[in-house]
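Chemist: Questions regarding the structure given below will be posed in turn.
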Amino acid sequence: MLSQKIEIFQVIEDWIISKKTTLKEDIINAIRKNSPLTDNEIINIVVKYFVSYLYPDKINQQISEIDINYLYSLTNFFFKISKNSWIVIENLTKEEISLLDFIQKNWYSLSMLWDIAATVELFKEIVNKEISPIWFNYEYLWLDLWTWSWILLLAQYIQANRNWFECISNYWIEISLSSFRTKNLVDCLLFWEIRSWNTTREETYNFLKYSDWQITHVSNETIPTVWISFWHYLVNKAPHNPDPFIENNKALFSACKWNITDATRFFPEKIRVVLSGNPKDVIDNSNKMIIEKWNEFWIAVFKDLEDKIKKEKWNDVFSINPFIFPTWIEIWWKINRQDDIWKRLIESWKIKQLPDWRKRWNNINY
């Protein structure tokens, strides 16, 4: 047995942190800026959001690199002790024990927030999108489908304001109980409405189904890791699938087909998937397809795949679990390998690698 204390790492270069501005001020500055947001500006929002997620009273306070390094190092320590049962935890404060307990209970909800490099890329894709308010009569309606941490909801709110929409409605639909832990964050920022419903059920969208609202943007980040198959909605019987990307789209398009127009935008816009019975085939398998809005991210192509499965007699494998592996997503009109999107910022040295961190779309450590 080995007793260990929390080791503090420098997570971000000191000069990147805007120490004189609060999270709320960074959000206001992002809304008022006319040019695209830079990596450094988005890094500040993401890391300060993470601190405020754990301490909602920090929203209106200046946050130092000491706070940031400490909390990210704490998450690194959590993964270290999770992987090494021989480590004995000693000399921790009550606050540190409480934080580790919260991280343990909500690690999936927090996974986007401590994966800074990848989340900055996703945030940047959303926040810098140009959407004409004329297409929607200056009314902005956005849905976030079960993204747990709400960080993309913030990106969407900034996007709407930067595109000069006059009437903004942000709906965050969530089933996770961790949502109640951060209610103070919602009350302080005031840019969304929470609906505690199941995003995989068609009736969840009845508040839109019988209206004439046009959906401006949808974020559905619930995509499994590259070598983990989508849980197909006809096969999945588990009530709490953490990555219900296909199920979300099936429910949304079934209920709100007429609320989704040619101008409606999605994140991600496109995903390339591989159809295979072997997860090792995700790199070189030739049986690939693009799922996107125009084929309803799955529904329109499912019957073709089902017919192909029957024709080629793949029933022995696919009738139990059709292996549909996500491999690449589109970011800034470029198809990027899903588990590599964090590399650019790591290789630029703006964000440091921590030895035990877990990336959002890759179970392998940095």
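Labels for the structure tokens follow display order: chains A, B, ..., residues from 1 in each chain, ligands from 1.
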Please extract the residues of segment 16-140 of chain A with a backbone DSSP assignment of strand (DSSP E or B) and present them as a ChimeraX atom specification.
Modeler: /A:22,62,87-89,139-140
Chemist: With only C-alpha atoms as the counted atoms, please give the residues lying no more than 9 Å from segment 148-157 of chain A, apart from itself and same-chain residues fewer than 2 positions off, as an NGL selection string.
Modeler: :A and (27 or 31 or 46 or 49-50 or 53 or 108-113 or 119 or 122-124 or 126-128 or 142-146 or 159-162 or 168-172 or 174-176 or 178-179 or 191-192 or 217 or 219 or 221)
Chemist: For Thr21 of chain A, please output as JSON, numbers by chain all residues within 9 Å (counting only C-alpha atoms; exclusion window: fewer than 4 positions along the same chain).
Modeler: {"A": [25, 26, 60, 61, 62, 63]}
Chemist: Of the candidates A:Ile134, A:Asn44, A:Thr75, A:Tyr140, which one gets nearest to Phe102 of chain A if we count only C-alpha atoms?
Modeler: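 Nearest to Phe102 of chain A: A:Thr75.
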Chemist: Do you know which residues are at most 8 Å from Glu65 of chain A counting only C-alpha atoms, after dropping those on the same chain fewer than 3 positions away, and could you put them as a list in words?
Modeler: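 Residues meeting the cut-off are Ile12, Asp14, Ile17, Lys19, Ile68 and Asn69 of chain A.
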Chemist: I need the residues from that last selection saved to file as a PDB file, in the first residue's frame (with N, CA, C and O atoms), if you can.
Modeler:
ATOM      1  N   ILE A  12      -2.793  24.783 -17.632  1.00  0.00           N
ATOM      2  CA  ILE A  12      -2.821  25.736 -18.747  1.00  0.00           C
ATOM      3  C   ILE A  12      -1.691  26.739 -18.563  1.00  0.00           C
ATOM      4  O   ILE A  12      -1.348  27.104 -17.432  1.00  0.00           O
ATOM      5  N   ASP A  14       0.135  29.957 -17.932  1.00  0.00           N
ATOM      6  CA  ASP A  14      -0.307  31.040 -17.060  1.00  0.00           C
ATOM      7  C   ASP A  14      -0.809  32.260 -17.837  1.00  0.00           C
ATOM      8  O   ASP A  14      -1.807  32.889 -17.478  1.00  0.00           O
ATOM      9  N   ILE A  17      -4.717  32.578 -19.023  1.00  0.00           N
ATOM     10  CA  ILE A  17      -5.817  32.850 -18.107  1.00  0.00           C
ATOM     11  C   ILE A  17      -6.046  34.350 -17.941  1.00  0.00           C
ATOM     12  O   ILE A  17      -5.123  35.104 -17.623  1.00  0.00           O
ATOM     13  N   LYS A  19      -7.115  36.734 -15.652  1.00  0.00           N
ATOM     14  CA  LYS A  19      -7.319  36.724 -14.201  1.00  0.00           C
ATOM     15  C   LYS A  19      -8.218  37.854 -13.709  1.00  0.00           C
ATOM     16  O   LYS A  19      -8.774  37.790 -12.615  1.00  0.00           O
ATOM     17  N   ILE A  68      -7.888  26.955 -10.814  1.00  0.00           N
ATOM     18  CA  ILE A  68      -8.049  26.094 -11.989  1.00  0.00           C
ATOM     19  C   ILE A  68      -7.139  24.875 -11.896  1.00  0.00           C
ATOM     20  O   ILE A  68      -7.570  23.725 -12.058  1.00  0.00           O
ATOM     21  N   ASN A  69      -5.859  25.106 -11.618  1.00  0.00           N
ATOM     22  CA  ASN A  69      -4.904  24.001 -11.524  1.00  0.00           C
ATOM     23  C   ASN A  69      -5.279  23.028 -10.413  1.00  0.00           C
ATOM     24  O   ASN A  69      -5.153  21.808 -10.563  1.00  0.00           O
TER      25      ASN A  69
END
Chemist: Of the candidates A:Phe136, A:Phe325, A:Tyr210, A:Phe230, which shows the shortest atom-to-atom distance to Ile246 of chain A, using only C-alpha atoms?
Modeler: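 So, comparing all the options, the nearest one is A:Phe230.
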Chemist: Find the distance between atom CA of Glu247 of chain A and atom CA of Glu203 of chain A and write it in Å to one decimal.
Modeler: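 These two atoms are separated by 13.0 Å.
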Chemist: Within 12 Å of Lys352 of chain A, counting only C-alpha atoms, which residues qualify if same-chain residues fewer than 2 places away don't, as a ChimeraX atom specification?
Modeler: /A:9-14,69,72-73,114-117,342-350,354-355,357,366
Chemist: Write a file of the just-selected residues containing N, CA, C and O atoms, as a JSON list (two decimals), in the first residue's frame.
Modeler:
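Wrote selection_0.json, looks like this:
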[["chain", "number", "residue", "atom", "x", "y", "z"],
["A", 9, "PHE", "N", -0.74, 20.03, -10.71],
["A", 9, "PHE", "CA", -0.13, 20.22, -12.03],
["A", 9, "PHE", "C", -0.49, 21.60, -12.57],
["A", 9, "PHE", "O", -1.52, 22.18, -12.22],
["A", 10, "GLN", "N", 0.34, 22.10, -13.46],
["A", 10, "GLN", "CA", -0.02, 23.30, -14.22],
["A", 10, "GLN", "C", -0.77, 22.84, -15.46],
["A", 10, "GLN", "O", -0.19, 22.21, -16.35],
["A", 11, "VAL", "N", -2.04, 23.13, -15.52],
["A", 11, "VAL", "CA", -2.90, 22.61, -16.58],
["A", 11, "VAL", "C", -2.84, 23.48, -17.83],
["A", 11, "VAL", "O", -2.87, 22.98, -18.95],
["A", 12, "ILE", "N", -2.79, 24.78, -17.63],
["A", 12, "ILE", "CA", -2.82, 25.74, -18.75],
["A", 12, "ILE", "C", -1.69, 26.74, -18.56],
["A", 12, "ILE", "O", -1.35, 27.10, -17.43],
["A", 13, "GLU", "N", -1.12, 27.18, -19.65],
["A", 13, "GLU", "CA", -0.09, 28.22, -19.57],
["A", 13, "GLU", "C", -0.64, 29.44, -18.83],
["A", 13, "GLU", "O", -1.76, 29.89, -19.10],
["A", 14, "ASP", "N", 0.14, 29.96, -17.93],
["A", 14, "ASP", "CA", -0.31, 31.04, -17.06],
["A", 14, "ASP", "C", -0.81, 32.26, -17.84],
["A", 14, "ASP", "O", -1.81, 32.89, -17.48],
["A", 69, "ASN", "N", -5.86, 25.11, -11.62],
["A", 69, "ASN", "CA", -4.90, 24.00, -11.52],
["A", 69, "ASN", "C", -5.28, 23.03, -10.41],
["A", 69, "ASN", "O", -5.15, 21.81, -10.56],
["A", 72, "TYR", "N", -8.55, 20.87, -11.49],
["A", 72, "TYR", "CA", -8.24, 19.90, -12.55],
["A", 72, "TYR", "C", -7.26, 18.84, -12.04],
["A", 72, "TYR", "O", -7.35, 17.67, -12.43],
["A", 73, "SER", "N", -6.36, 19.22, -11.16],
["A", 73, "SER", "CA", -5.45, 18.23, -10.57],
["A", 73, "SER", "C", -6.22, 17.28, -9.67],
["A", 73, "SER", "O", -5.87, 16.09, -9.56],
["A", 114, "TRP", "N", -13.65, 18.43, -17.93],
["A", 114, "TRP", "CA", -12.21, 18.29, -17.66],
["A", 114, "TRP", "C", -11.44, 17.88, -18.91],
["A", 114, "TRP", "O", -10.22, 17.90, -18.90],
["A", 115, "ASP", "N", -12.14, 17.53, -19.98],
["A", 115, "ASP", "CA", -11.46, 17.27, -21.25],
["A", 115, "ASP", "C", -11.37, 18.59, -22.02],
["A", 115, "ASP", "O", -12.04, 18.79, -23.02],
["A", 116, "ILE", "N", -10.55, 19.48, -21.52],
["A", 116, "ILE", "CA", -10.53, 20.87, -22.01],
["A", 116, "ILE", "C", -10.27, 20.94, -23.51],
["A", 116, "ILE", "O", -10.99, 21.62, -24.25],
["A", 117, "ALA", "N", -9.24, 20.25, -23.98],
["A", 117, "ALA", "CA", -8.81, 20.40, -25.38],
["A", 117, "ALA", "C", -9.92, 20.03, -26.36],
["A", 117, "ALA", "O", -10.19, 20.77, -27.31],
["A", 342, "TRP", "N", -8.73, 16.43, -29.77],
["A", 342, "TRP", "CA", -8.05, 17.14, -28.70],
["A", 342, "TRP", "C", -6.58, 17.45, -29.02],
["A", 342, "TRP", "O", -5.95, 18.26, -28.34],
["A", 343, "LYS", "N", -6.02, 16.82, -30.06],
["A", 343, "LYS", "CA", -4.57, 16.85, -30.26],
["A", 343, "LYS", "C", -4.02, 18.23, -30.57],
["A", 343, "LYS", "O", -2.91, 18.58, -30.15],
["A", 344, "ARG", "N", -4.77, 19.04, -31.33],
["A", 344, "ARG", "CA", -4.22, 20.33, -31.79],
["A", 344, "ARG", "C", -3.81, 21.20, -30.61],
["A", 344, "ARG", "O", -2.70, 21.77, -30.59],
["A", 345, "LEU", "N", -4.67, 21.33, -29.62],
["A", 345, "LEU", "CA", -4.37, 22.21, -28.49],
["A", 345, "LEU", "C", -3.32, 21.60, -27.57],
["A", 345, "LEU", "O", -2.53, 22.33, -26.96],
["A", 346, "ILE", "N", -3.29, 20.28, -27.45],
["A", 346, "ILE", "CA", -2.25, 19.64, -26.66],
["A", 346, "ILE", "C", -0.89, 19.85, -27.31],
["A", 346, "ILE", "O", 0.10, 20.20, -26.65],
["A", 347, "GLU", "N", -0.84, 19.66, -28.62],
["A", 347, "GLU", "CA", 0.43, 19.79, -29.33],
["A", 347, "GLU", "C", 0.92, 21.23, -29.41],
["A", 347, "GLU", "O", 2.10, 21.49, -29.61],
["A", 348, "SER", "N", 0.00, 22.19, -29.23],
["A", 348, "SER", "CA", 0.39, 23.60, -29.21],
["A", 348, "SER", "C", 0.92, 24.01, -27.85],
["A", 348, "SER", "O", 1.40, 25.13, -27.68],
["A", 349, "TRP", "N", 0.83, 23.13, -26.87],
["A", 349, "TRP", "CA", 1.30, 23.34, -25.50],
["A", 349, "TRP", "C", 0.46, 24.33, -24.71],
["A", 349, "TRP", "O", 0.82, 24.74, -23.62],
["A", 350, "LYS", "N", -0.68, 24.75, -25.27],
["A", 350, "LYS", "CA", -1.56, 25.65, -24.52],
["A", 350, "LYS", "C", -2.21, 24.92, -23.35],
["A", 350, "LYS", "O", -2.47, 25.49, -22.30],
["A", 354, "LEU", "N", -2.27, 15.70, -18.50],
["A", 354, "LEU", "CA", -2.19, 15.17, -17.15],
["A", 354, "LEU", "C", -2.14, 13.64, -17.23],
["A", 354, "LEU", "O", -2.83, 13.04, -18.06],
["A", 355, "PRO", "N", -1.36, 13.01, -16.39],
["A", 355, "PRO", "CA", -1.06, 11.58, -16.58],
["A", 355, "PRO", "C", -2.24, 10.63, -16.44],
["A", 355, "PRO", "O", -2.24, 9.56, -17.04],
["A", 357, "TRP", "N", -5.73, 11.63, -16.61],
["A", 357, "TRP", "CA", -6.99, 12.15, -17.11],
["A", 357, "TRP", "C", -7.66, 11.18, -18.07],
["A", 357, "TRP", "O", -6.98, 10.45, -18.80],
["A", 366, "TYR", "N", -4.27, 10.34, -21.77],
["A", 366, "TYR", "CA", -3.45, 11.20, -22.63],
["A", 366, "TYR", "C", -2.06, 10.61, -22.76],
["A", 366, "TYR", "O", -1.48, 10.14, -21.81]]
Chemist: Quick one: residues within 12 Å of Glu96 of chain A, only C-alpha atoms, excluding same-chain residues fewer than 6 positions away - as a ChimeraX atom specification?
Modeler: /A:5-6,54,70-71,73-75,77-78,89-90,102-103
